[in-house]
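Taking it in order: structure first as structure tokens, then the write-up.
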Amino acid sequence: MKVFLLFGLVALALAEVTRFEGEKVLRLKPVMDEHVVLIRELAASIEVDFWSPDSAEMVTIDIDVDIHVPAAYLDLVSTMLQQSDMEIEVLIEDLQVSIDAQTGPTPRTHSYTNYNSWDKVQSWIAAISTSNSALISKQSIGSTYEGRPMTLLKLGKKSSVTKPAIFMDCGIHAREWISPAFCQWFVKEALSTYGSDSQMTSLLDQMDVYVLPVFNIDGYDYTHKSNRMWRKTRSRTSGTSCLGTDPNRNWNAGWCTTGASSNPCSETFCGSKVESEVEVRNVADFLRRNKADIKAYLTIHSYSQLVLFPYSYTYDLAADHSELLKVAEGASSALRGLYGTRYTSGPGAATIYPAAGGSDDYAYDIGVKYSFTFELRDTGRYGFLLPASQIKPTCMETMLAIKYIAAHVQENLY
Ligand code: 0X9
Ligand code: ZN
């Protein structure tokens, strides 16, 4: 027993945890070309973690830039920024303080109003999928790079014929913790309101909803155990010691042509080839196998409060642009109806930035017309460190947007 305890303590001591004492998140407001150049120079000379947009190449005039500055560079960055007359706001004074505040005291069991570790999500998946076999089942779509099982939940009344379906994934990006929290909330709500809520009942009677609670499980686990700010997968690429590929730059949709990096050390690394990431391959395979039935693809990210649709790899408008815009606006206004939270809708490239290799564009291009990316709360006050107290209101309002889209899909099956 004592030996095990000792081993446990040694393992704990060896598991390196990245801390962020004194590190800041700044909002820069470039309004002139010189400001944009300065931000790009900054990014080229030191290691800055872009929160939004997610890389220096995406910086443009009049769009706020949220950056996390490591402690070692704070003096240099403030000197550089002071020499310009760019407006700067401190969003987060001390990142470690905000991380600790968000993590807080966590319950020992799974909770819909807390951020659950992967272990808790995994046991929740096992428990919930056996709780109501008339309405929910699970299937494996493969394993992650580090060997964790990717389990897909299927919600819907059992039927002898194949039903049209909606596919939703959460947690493509590891640090966007509100996203997996939403997928868990959605499953609970769907099961508990079937039979009483007429829309949910009709949806699950006529369609199936596939939910992948955590897409990038290895990354998500890493954010809980080692580095809260990790975004990418945890895969190795030959020829570099930098780990991870951006799983939202790795799809076969204008792959690596814009808003993505071929540098493995970048946060937006597109990978060594299309679908180099096994997690992307597993989901893409599932979408390809079931594309005749999948009528909508929803992918949940954070933050910025946006409902986006294709395209992001080009400024060209999608063939279904006007319908997608109408649906996205309808979803945003349904969401706003609950607490007044404002969302912006539009095609990815024009609304945030051009970025190729994303899952939404891929799903659309293989024929899934209703393809949407959600960027949940907030607009930067907490960013990825959204307090657990906001999980419930965020999920409740997001349910309204998702249900709005689902109703439209159901009424417009193709
Ligand atoms: O850049 C992304 O992957 C998404 N934003 S995030 O801050 N969550 O990283 C936006 C994705 C929009 N869609 C595509 N780029 N295809
Ligand atoms: Zn994301």
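FYI, nothing fancy with the structure tokens labels: chains A, B, ... in order, residues from 1 per chain, ligands from 1 as they appear.
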
When DSSP is applied to the backbone of this structure, which of segment 143-392 of chain A are assigned helix (DSSP H, G or I)? Write them out as a PyMOL selection string.
chain A and resi 178-193+198-206+217-225+278-289+321-339+348-351+359-365+383-385+388-392

Per residue of chain A within 8 Å of ligand 2, record the nearest atom pair and its distance in Å to one decimal, counting only C-alpha atoms and all ligand atoms, with rows in chain order and ascending residue number, as a tab-separated table.
residue	atom	partner	partner_atom_place_in_ligand_line	distance
A:Gly171	CA	ligand 2	1 (Zn)	7.5
A:Ile172	CA	ligand 2	1 (Zn)	6.3
A:His173	CA	ligand 2	1 (Zn)	4.7
A:Ala174	CA	ligand 2	1 (Zn)	8.0
A:Glu176	CA	ligand 2	1 (Zn)	6.4
A:Arg231	CA	ligand 2	1 (Zn)	7.9
A:Asn248	CA	ligand 2	1 (Zn)	7.5
A:Ile300	CA	ligand 2	1 (Zn)	7.5
A:His301	CA	ligand 2	1 (Zn)	4.3
A:Ser302	CA	ligand 2	1 (Zn)	5.6
A:Tyr303	CA	ligand 2	1 (Zn)	7.5
A:Glu375	CA	ligand 2	1 (Zn)	7.3

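Remark: for Lys232 of chain A, the closest of the candidate residues A:Arg281, A:His110, A:Arg175, A:Lys188 is A:Arg175 (distances computed over only C-alpha atoms).
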
Proximity of chain A to ligand 1: per-residue shortest pair, 9 Å limit, only C-alpha atoms and all ligand atoms, as a Markdown table:
| residue | atom | partner | partner_atom_place_in_ligand_line | distance |
| --- | --- | --- | --- | --- |
| A:Trp51 | CA | ligand 1 | 7 (O) | 6.9 |
| A:Ser52 | CA | ligand 1 | 7 (O) | 6.0 |
| A:Pro53 | CA | ligand 1 | 7 (O) | 6.5 |
| A:Asp54 | CA | ligand 1 | 9 (O) | 6.0 |
| A:Ser55 | CA | ligand 1 | 1 (O) | 8.8 |
| A:Ile172 | CA | ligand 1 | 8 (N) | 8.2 |
| A:His173 | CA | ligand 1 | 8 (N) | 6.6 |
| A:Glu176 | CA | ligand 1 | 8 (N) | 7.2 |
| A:Arg231 | CA | ligand 1 | 9 (O) | 8.2 |
| A:Asp246 | CA | ligand 1 | 3 (O) | 7.8 |
| A:Pro247 | CA | ligand 1 | 3 (O) | 8.0 |
| A:Asn248 | CA | ligand 1 | 3 (O) | 4.9 |
| A:Arg249 | CA | ligand 1 | 3 (O) | 6.9 |
| A:Trp251 | CA | ligand 1 | 16 (N) | 9.0 |
| A:Ala253 | CA | ligand 1 | 16 (N) | 8.2 |
| A:Gly259 | CA | ligand 1 | 15 (N) | 7.9 |
| A:Ala260 | CA | ligand 1 | 1 (O) | 8.9 |
| A:Thr268 | CA | ligand 1 | 1 (O) | 8.0 |
| A:Thr299 | CA | ligand 1 | 11 (C) | 8.9 |
| A:Ile300 | CA | ligand 1 | 8 (N) | 8.1 |
| A:His301 | CA | ligand 1 | 8 (N) | 4.6 |
| A:Ser302 | CA | ligand 1 | 8 (N) | 4.9 |
| A:Tyr303 | CA | ligand 1 | 7 (O) | 6.0 |
| A:Ser304 | CA | ligand 1 | 7 (O) | 7.5 |
| A:Leu308 | CA | ligand 1 | 12 (C) | 6.6 |
| A:Phe309 | CA | ligand 1 | 13 (N) | 7.2 |
| A:Pro310 | CA | ligand 1 | 16 (N) | 7.0 |
| A:Tyr311 | CA | ligand 1 | 16 (N) | 6.8 |
| A:Ser312 | CA | ligand 1 | 16 (N) | 4.7 |
| A:Tyr313 | CA | ligand 1 | 16 (N) | 6.5 |
| A:Pro347 | CA | ligand 1 | 13 (N) | 8.5 |
| A:Gly348 | CA | ligand 1 | 12 (C) | 5.3 |
| A:Ala349 | CA | ligand 1 | 15 (N) | 7.2 |
| A:Ile352 | CA | ligand 1 | 10 (C) | 7.5 |
| A:Tyr353 | CA | ligand 1 | 15 (N) | 7.4 |
| A:Pro354 | CA | ligand 1 | 15 (N) | 6.4 |
| A:Ala355 | CA | ligand 1 | 15 (N) | 4.3 |
| A:Ala356 | CA | ligand 1 | 15 (N) | 5.7 |
| A:Gly357 | CA | ligand 1 | 16 (N) | 6.1 |
| A:Gly358 | CA | ligand 1 | 16 (N) | 3.5 |
| A:Ser359 | CA | ligand 1 | 16 (N) | 5.9 |
| A:Asp360 | CA | ligand 1 | 16 (N) | 5.4 |
| A:Asp361 | CA | ligand 1 | 16 (N) | 5.4 |
| A:Tyr362 | CA | ligand 1 | 16 (N) | 8.0 |
| A:Phe372 | CA | ligand 1 | 13 (N) | 8.4 |
| A:Thr373 | CA | ligand 1 | 12 (C) | 6.1 |
| A:Phe374 | CA | ligand 1 | 10 (C) | 8.2 |
| A:Glu375 | CA | ligand 1 | 8 (N) | 6.2 |
| A:Leu376 | CA | ligand 1 | 8 (N) | 8.8 |

Interatomic distance, atom CA of Gln96 of chain A to atom CA of Asn227 of chain A (Å, one decimal)
11.1 Å

Env of Met229 of chain A: 10 Å cut, atoms = only C-alpha atoms, seq-sep filter 3 positions within chain, self excluded. Answer as number ranges by chain.
A: 18-20, 49, 51, 68, 99, 174-176, 219-220, 222-224, 226, 232, 384-385

Please write the residues from the selection above to a file, keeping N, CA, C and O atoms, as a short mmCIF file (atom, residue, chain, number, x, y, z; two decimals), in the first residue's frame.
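Resulting contents of again-v4.cif:
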data_model
loop_
_atom_site.label_atom_id
_atom_site.label_comp_id
_atom_site.auth_asym_id
_atom_site.auth_seq_id
_atom_site.Cartn_x
_atom_site.Cartn_y
_atom_site.Cartn_z
N THR A 18 1.96 22.95 -16.26
CA THR A 18 2.35 24.31 -16.67
C THR A 18 1.55 25.32 -15.86
O THR A 18 0.33 25.23 -15.78
N ARG A 19 2.26 26.27 -15.26
CA ARG A 19 1.57 27.30 -14.48
C ARG A 19 1.72 28.64 -15.18
O ARG A 19 2.60 28.84 -16.01
N PHE A 20 0.80 29.56 -14.87
CA PHE A 20 0.72 30.81 -15.63
C PHE A 20 0.74 32.04 -14.72
O PHE A 20 0.12 33.05 -15.04
N ASP A 49 0.56 33.58 -27.38
CA ASP A 49 -0.53 32.62 -27.56
C ASP A 49 -1.78 33.40 -27.98
O ASP A 49 -2.36 34.12 -27.18
N TRP A 51 -5.43 34.07 -28.61
CA TRP A 51 -6.72 33.51 -28.18
C TRP A 51 -7.77 33.78 -29.26
O TRP A 51 -8.60 32.97 -29.57
N HIS A 68 -2.45 36.03 -25.14
CA HIS A 68 -1.93 35.62 -23.83
C HIS A 68 -0.41 35.77 -23.92
O HIS A 68 0.22 35.19 -24.79
N ILE A 99 -7.43 30.79 -13.87
CA ILE A 99 -7.53 29.33 -14.03
C ILE A 99 -8.00 28.70 -12.72
O ILE A 99 -8.93 27.89 -12.69
N ALA A 174 -9.07 21.63 -27.48
CA ALA A 174 -8.99 21.12 -26.11
C ALA A 174 -9.38 22.13 -25.03
O ALA A 174 -10.03 21.78 -24.06
N ARG A 175 -8.95 23.39 -25.19
CA ARG A 175 -9.13 24.34 -24.08
C ARG A 175 -10.51 24.97 -24.04
O ARG A 175 -10.80 25.74 -23.11
N GLU A 176 -11.36 24.67 -25.02
CA GLU A 176 -12.67 25.31 -25.08
C GLU A 176 -13.67 24.50 -24.25
O GLU A 176 -14.58 23.86 -24.77
N GLY A 219 -6.25 15.90 -26.10
CA GLY A 219 -6.01 17.31 -25.80
C GLY A 219 -6.80 17.76 -24.58
O GLY A 219 -6.28 18.46 -23.70
N TYR A 220 -8.05 17.34 -24.51
CA TYR A 220 -8.92 17.73 -23.39
C TYR A 220 -8.33 17.21 -22.07
O TYR A 220 -8.24 17.94 -21.08
N TYR A 222 -5.29 16.53 -21.49
CA TYR A 222 -4.04 17.28 -21.24
C TYR A 222 -4.34 18.65 -20.61
O TYR A 222 -3.60 19.11 -19.75
N THR A 223 -5.44 19.28 -21.03
CA THR A 223 -5.78 20.59 -20.43
C THR A 223 -6.19 20.44 -18.97
O THR A 223 -6.06 21.39 -18.19
N HIS A 224 -6.69 19.26 -18.60
CA HIS A 224 -7.06 19.04 -17.19
C HIS A 224 -5.85 18.68 -16.34
O HIS A 224 -5.81 18.99 -15.17
N SER A 226 -2.23 18.89 -17.39
CA SER A 226 -0.89 19.46 -17.59
C SER A 226 -0.85 20.91 -18.05
O SER A 226 -0.06 21.69 -17.55
N LYS A 232 -4.45 21.92 -29.48
CA LYS A 232 -4.36 20.94 -30.57
C LYS A 232 -4.54 19.50 -30.08
O LYS A 232 -4.85 19.26 -28.93
N PHE A 384 -11.59 31.47 -22.69
CA PHE A 384 -11.65 30.02 -22.46
C PHE A 384 -11.90 29.68 -21.00
O PHE A 384 -12.22 28.54 -20.67
N LEU A 385 -11.71 30.68 -20.12
CA LEU A 385 -11.84 30.42 -18.69
C LEU A 385 -13.22 30.83 -18.17
O LEU A 385 -13.37 31.35 -17.08
#

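Using only C-alpha atoms, the protein and nucleic acid residues lying no more than 7 Å from Cys170 of chain A, apart from those fewer than 4 places from it along its own chain, are A:Ser179, A:Pro180, A:Cys183, A:Leu212, A:Pro213, A:Val214, A:Phe215, A:Thr299, A:Ile300, A:His301.
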
Okay, now the selection with C-alpha atoms, as a JSON list (two decimals), in the first residue's frame?
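And here is the file that came out, out-v9.json:
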[["chain", "number", "residue", "atom", "x", "y", "z"],
["A", 179, "SER", "CA", -18.07, 23.00, -25.56],
["A", 180, "PRO", "CA", -18.00, 19.44, -24.09],
["A", 183, "CYS", "CA", -22.78, 18.28, -25.49],
["A", 212, "LEU", "CA", -19.66, 13.11, -29.95],
["A", 213, "PRO", "CA", -19.15, 14.58, -26.45],
["A", 214, "VAL", "CA", -15.39, 15.15, -26.79],
["A", 215, "PHE", "CA", -13.66, 15.05, -30.17],
["A", 299, "THR", "CA", -19.69, 21.69, -34.25],
["A", 300, "ILE", "CA", -19.36, 23.51, -30.95],
["A", 301, "HIS", "CA", -16.41, 25.77, -30.12]]

Quick one: residues within 9 Å of segment 31-48 of chain A, only C-alpha atoms, excluding same-chain residues fewer than 3 positions away - as number ranges by chain?
A: 28, 55-57, 59-63, 65, 67-70, 73, 77, 80-81, 84-87

Keeping N, CA, C and O atoms for every residue in the selection just given, could you write it to a file as a compact mmCIF listing (two decimals), in the first residue's frame?
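To be explicit, this is the file written out as part-v3.txt:
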# COMPACT_ATOMS: atom_id res chain seq x y z
N LEU A 28 -5.79 43.84 -27.85
CA LEU A 28 -5.18 44.91 -28.66
C LEU A 28 -6.21 45.37 -29.69
O LEU A 28 -6.94 44.54 -30.24
N SER A 55 -4.32 33.20 -34.86
CA SER A 55 -2.93 33.31 -35.31
C SER A 55 -2.66 34.73 -35.80
O SER A 55 -3.58 35.48 -36.12
N ALA A 56 -1.35 35.06 -35.86
CA ALA A 56 -0.95 36.42 -36.25
C ALA A 56 -1.36 36.75 -37.67
O ALA A 56 -1.69 37.89 -37.99
N GLU A 57 -1.34 35.73 -38.55
CA GLU A 57 -1.69 35.98 -39.96
C GLU A 57 -3.11 36.51 -40.10
O GLU A 57 -3.45 37.14 -41.09
N VAL A 59 -4.60 38.66 -38.22
CA VAL A 59 -4.82 39.99 -37.64
C VAL A 59 -5.11 41.01 -38.74
O VAL A 59 -4.41 41.07 -39.74
N THR A 60 -6.19 41.78 -38.55
CA THR A 60 -6.53 42.84 -39.50
C THR A 60 -7.02 44.07 -38.75
O THR A 60 -7.37 44.00 -37.57
N ILE A 61 -7.07 45.17 -39.47
CA ILE A 61 -7.52 46.44 -38.87
C ILE A 61 -8.95 46.28 -38.34
O ILE A 61 -9.77 45.61 -38.96
N ASP A 62 -9.20 46.94 -37.20
CA ASP A 62 -10.54 47.03 -36.60
C ASP A 62 -11.08 45.74 -36.00
O ASP A 62 -12.24 45.69 -35.61
N ILE A 63 -10.28 44.69 -35.96
CA ILE A 63 -10.71 43.47 -35.27
C ILE A 63 -9.86 43.33 -34.01
O ILE A 63 -8.63 43.36 -34.08
N VAL A 65 -7.78 41.91 -30.99
CA VAL A 65 -6.88 40.77 -30.92
C VAL A 65 -6.64 40.44 -29.44
O VAL A 65 -6.15 41.28 -28.69
N ILE A 67 -4.53 38.36 -26.85
CA ILE A 67 -3.32 37.52 -26.77
C ILE A 67 -2.96 37.23 -25.32
O ILE A 67 -3.12 38.08 -24.43
N HIS A 68 -2.45 36.03 -25.14
CA HIS A 68 -1.93 35.62 -23.83
C HIS A 68 -0.41 35.77 -23.92
O HIS A 68 0.22 35.19 -24.79
N VAL A 69 0.12 36.60 -23.03
CA VAL A 69 1.56 36.89 -23.07
C VAL A 69 2.27 36.17 -21.92
O VAL A 69 1.99 36.45 -20.75
N PRO A 70 3.19 35.27 -22.23
CA PRO A 70 3.95 34.60 -21.18
C PRO A 70 4.74 35.60 -20.33
O PRO A 70 5.20 36.63 -20.85
N TYR A 73 7.94 37.57 -21.29
CA TYR A 73 7.91 38.56 -22.37
C TYR A 73 7.11 39.81 -22.01
O TYR A 73 7.02 40.72 -22.83
N VAL A 77 6.91 43.17 -24.25
CA VAL A 77 5.65 43.45 -24.95
C VAL A 77 5.11 44.82 -24.53
O VAL A 77 4.71 45.63 -25.38
N MET A 80 7.15 47.50 -26.24
CA MET A 80 6.81 47.59 -27.67
C MET A 80 5.45 48.25 -27.88
O MET A 80 5.27 49.08 -28.77
N LEU A 81 4.50 47.86 -27.05
CA LEU A 81 3.15 48.39 -27.24
C LEU A 81 3.03 49.86 -26.83
O LEU A 81 2.29 50.63 -27.44
N SER A 84 3.69 52.36 -29.46
CA SER A 84 2.63 52.62 -30.45
C SER A 84 1.49 53.32 -29.71
O SER A 84 1.49 53.39 -28.50
N ASP A 85 0.55 53.86 -30.47
CA ASP A 85 -0.58 54.49 -29.76
C ASP A 85 -1.82 53.61 -29.86
O ASP A 85 -2.94 54.09 -29.83
N MET A 86 -1.58 52.30 -29.97
CA MET A 86 -2.70 51.37 -30.08
C MET A 86 -3.40 51.25 -28.73
O MET A 86 -2.77 51.21 -27.69
N GLU A 87 -4.74 51.19 -28.79
CA GLU A 87 -5.49 51.01 -27.56
C GLU A 87 -5.36 49.57 -27.07
O GLU A 87 -5.46 48.62 -27.84

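Of the residues under consideration (A:Glu23, A:Glu146, A:Asp316, A:Asp221), A:Glu23 shows the shortest atom-to-atom contact distance to Leu95 of chain A when counting only C-alpha atoms.
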
Tell me, which residues of segment 234-288 of chain A carry DSSP strand (DSSP E or B), written as an mmCIF file with C-alpha atoms, in the first residue's frame?
data_model
loop_
_atom_site.group_PDB
_atom_site.id
_atom_site.type_symbol
_atom_site.label_atom_id
_atom_site.label_comp_id
_atom_site.auth_asym_id
_atom_site.auth_seq_id
_atom_site.Cartn_x
_atom_site.Cartn_y
_atom_site.Cartn_z
ATOM 1 C CA ARG A 236 3.793 13.531 -32.913
ATOM 2 C CA LEU A 243 3.426 18.181 -30.536
ATOM 3 C CA SER A 261 0.219 26.900 -40.754
ATOM 4 C CA PHE A 269 -0.651 23.546 -37.695
#

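Distance annotation: of A:Ser332, A:Thr379, A:Ser241, A:Thr258, the residue with the minimal separation from Ala401 of chain A is A:Ser332; atom set is only C-alpha atoms.
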
To one decimal in Å, tell me the separation between atom CA of Val97 of chain A and atom CA of Trp177 of chain A.
17.2 Å

Residue contacts of Ala331 of chain A (7 Å, only C-alpha atoms) excluding same-chain residues fewer than 3 positions away, as a JSON list (two decimals) with all heavy atoms, in the first residue's frame:
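Saved result, result37.json, follows:
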[["chain", "number", "residue", "atom", "x", "y", "z"],
["A", 327, "VAL", "N", -31.15, 30.77, -41.40],
["A", 327, "VAL", "CA", -31.21, 29.80, -40.30],
["A", 327, "VAL", "C", -30.28, 30.25, -39.16],
["A", 327, "VAL", "O", -30.66, 30.21, -37.98],
["A", 327, "VAL", "CB", -30.83, 28.38, -40.79],
["A", 327, "VAL", "CG1", -30.80, 27.40, -39.63],
["A", 327, "VAL", "CG2", -31.82, 27.91, -41.85],
["A", 328, "ALA", "N", -29.07, 30.71, -39.51],
["A", 328, "ALA", "CA", -28.12, 31.16, -38.48],
["A", 328, "ALA", "C", -28.68, 32.37, -37.72],
["A", 328, "ALA", "O", -28.58, 32.45, -36.49],
["A", 328, "ALA", "CB", -26.78, 31.51, -39.12],
["A", 334, "ALA", "N", -33.23, 33.22, -31.51],
["A", 334, "ALA", "CA", -33.85, 32.32, -30.52],
["A", 334, "ALA", "C", -32.99, 32.30, -29.26],
["A", 334, "ALA", "O", -33.51, 32.38, -28.14],
["A", 334, "ALA", "CB", -33.96, 30.92, -31.11],
["A", 335, "LEU", "N", -31.68, 32.24, -29.45],
["A", 335, "LEU", "CA", -30.75, 32.21, -28.32],
["A", 335, "LEU", "C", -30.86, 33.50, -27.49],
["A", 335, "LEU", "O", -30.96, 33.48, -26.27],
["A", 335, "LEU", "CB", -29.34, 32.01, -28.86],
["A", 335, "LEU", "CG", -28.18, 31.83, -27.88],
["A", 335, "LEU", "CD1", -27.05, 31.03, -28.54],
["A", 335, "LEU", "CD2", -27.63, 33.11, -27.31],
["A", 401, "ALA", "N", -30.97, 27.69, -29.68],
["A", 401, "ALA", "CA", -30.41, 27.86, -31.03],
["A", 401, "ALA", "C", -30.34, 26.51, -31.75],
["A", 401, "ALA", "O", -30.71, 26.40, -32.92],
["A", 401, "ALA", "CB", -29.03, 28.49, -30.93],
["A", 402, "ILE", "N", -29.88, 25.50, -31.04],
["A", 402, "ILE", "CA", -29.75, 24.17, -31.65],
["A", 402, "ILE", "C", -31.13, 23.63, -32.01],
["A", 402, "ILE", "O", -31.32, 23.05, -33.10],
["A", 402, "ILE", "CB", -29.01, 23.20, -30.67],
["A", 402, "ILE", "CG1", -27.59, 23.70, -30.38],
["A", 402, "ILE", "CG2", -28.99, 21.77, -31.23],
["A", 402, "ILE", "CD1", -26.61, 23.67, -31.52],
["A", 404, "TYR", "N", -33.71, 25.38, -32.71],
["A", 404, "TYR", "CA", -34.20, 26.16, -33.86],
["A", 404, "TYR", "C", -33.67, 25.54, -35.17],
["A", 404, "TYR", "O", -34.42, 25.33, -36.12],
["A", 404, "TYR", "CB", -33.76, 27.63, -33.74],
["A", 404, "TYR", "CG", -34.23, 28.47, -34.90],
["A", 404, "TYR", "CD1", -35.45, 29.16, -34.84],
["A", 404, "TYR", "CD2", -33.49, 28.53, -36.08],
["A", 404, "TYR", "CE1", -35.91, 29.89, -35.93],
["A", 404, "TYR", "CE2", -33.94, 29.26, -37.17],
["A", 404, "TYR", "CZ", -35.15, 29.95, -37.08],
["A", 404, "TYR", "OH", -35.60, 30.66, -38.17],
["A", 405, "ILE", "N", -32.39, 25.25, -35.18],
["A", 405, "ILE", "CA", -31.79, 24.66, -36.40],
["A", 405, "ILE", "C", -32.40, 23.28, -36.65],
["A", 405, "ILE", "O", -32.79, 22.96, -37.79],
["A", 405, "ILE", "CB", -30.25, 24.56, -36.27],
["A", 405, "ILE", "CG1", -29.64, 25.96, -36.18],
["A", 405, "ILE", "CG2", -29.65, 23.78, -37.45],
["A", 405, "ILE", "CD1", -28.13, 25.99, -35.98]]

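Considering the residues A:Val307, A:Met168, A:Met207, A:Leu76 and counting only C-alpha atoms, Glu411 of chain A has its shortest atom-to-atom contact with A:Met207.
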
So which residues touch segment 153-156 of chain A within 6 Å, counting only C-alpha atoms, skipping near sequence neighbours fewer than 5 positions away, as a ChimeraX atom specification?
/A:135-138,204,208-211

Output file for the selection above: N, CA, C and O atoms, as an mmCIF file, in the first residue's frame:
data_model
loop_
_atom_site.group_PDB
_atom_site.id
_atom_site.type_symbol
_atom_site.label_atom_id
_atom_site.label_comp_id
_atom_site.auth_asym_id
_atom_site.auth_seq_id
_atom_site.Cartn_x
_atom_site.Cartn_y
_atom_site.Cartn_z
ATOM 1 N N LEU A 135 -34.012 5.045 -26.145
ATOM 2 C CA LEU A 135 -33.752 6.363 -26.728
ATOM 3 C C LEU A 135 -32.276 6.642 -27.001
ATOM 4 O O LEU A 135 -31.932 7.591 -27.707
ATOM 5 N N ILE A 136 -31.388 5.858 -26.408
ATOM 6 C CA ILE A 136 -29.955 6.165 -26.564
ATOM 7 C C ILE A 136 -29.130 4.889 -26.719
ATOM 8 O O ILE A 136 -29.415 3.879 -26.090
ATOM 9 N N SER A 137 -28.142 4.982 -27.601
ATOM 10 C CA SER A 137 -27.197 3.868 -27.723
ATOM 11 C C SER A 137 -25.818 4.453 -27.992
ATOM 12 O O SER A 137 -25.694 5.653 -28.283
ATOM 13 N N LYS A 138 -24.792 3.624 -27.848
ATOM 14 C CA LYS A 138 -23.444 4.133 -28.110
ATOM 15 C C LYS A 138 -22.732 3.230 -29.102
ATOM 16 O O LYS A 138 -23.059 2.055 -29.223
ATOM 17 N N LEU A 204 -36.846 13.517 -31.933
ATOM 18 C CA LEU A 204 -36.265 12.189 -31.682
ATOM 19 C C LEU A 204 -37.137 11.061 -32.227
ATOM 20 O O LEU A 204 -36.665 9.937 -32.410
ATOM 21 N N ASP A 208 -32.523 10.976 -35.862
ATOM 22 C CA ASP A 208 -31.532 10.579 -34.859
ATOM 23 C C ASP A 208 -30.568 11.748 -34.680
ATOM 24 O O ASP A 208 -30.300 12.496 -35.638
ATOM 25 N N VAL A 209 -30.095 11.904 -33.462
ATOM 26 C CA VAL A 209 -29.068 12.923 -33.225
ATOM 27 C C VAL A 209 -27.821 12.209 -32.700
ATOM 28 O O VAL A 209 -27.858 11.571 -31.642
ATOM 29 N N TYR A 210 -26.737 12.288 -33.474
ATOM 30 C CA TYR A 210 -25.463 11.712 -33.043
ATOM 31 C C TYR A 210 -24.697 12.785 -32.277
ATOM 32 O O TYR A 210 -24.552 13.912 -32.766
ATOM 33 N N VAL A 211 -24.202 12.415 -31.096
ATOM 34 C CA VAL A 211 -23.428 13.377 -30.299
ATOM 35 C C VAL A 211 -22.070 12.769 -29.967
ATOM 36 O O VAL A 211 -21.991 11.678 -29.387
#

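Shortest atom-to-atom contact with Ser111 of chain A among A:Lys392, A:His408, A:Lys163, A:Arg377: A:Lys392, counting only C-alpha atoms.
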
Using only C-alpha atoms, pick whichever of A:Gly254, A:Asp293, A:Ser78, A:Leu306 has the shortest atom-to-atom distance to Ser333 of chain A.
A:Leu306
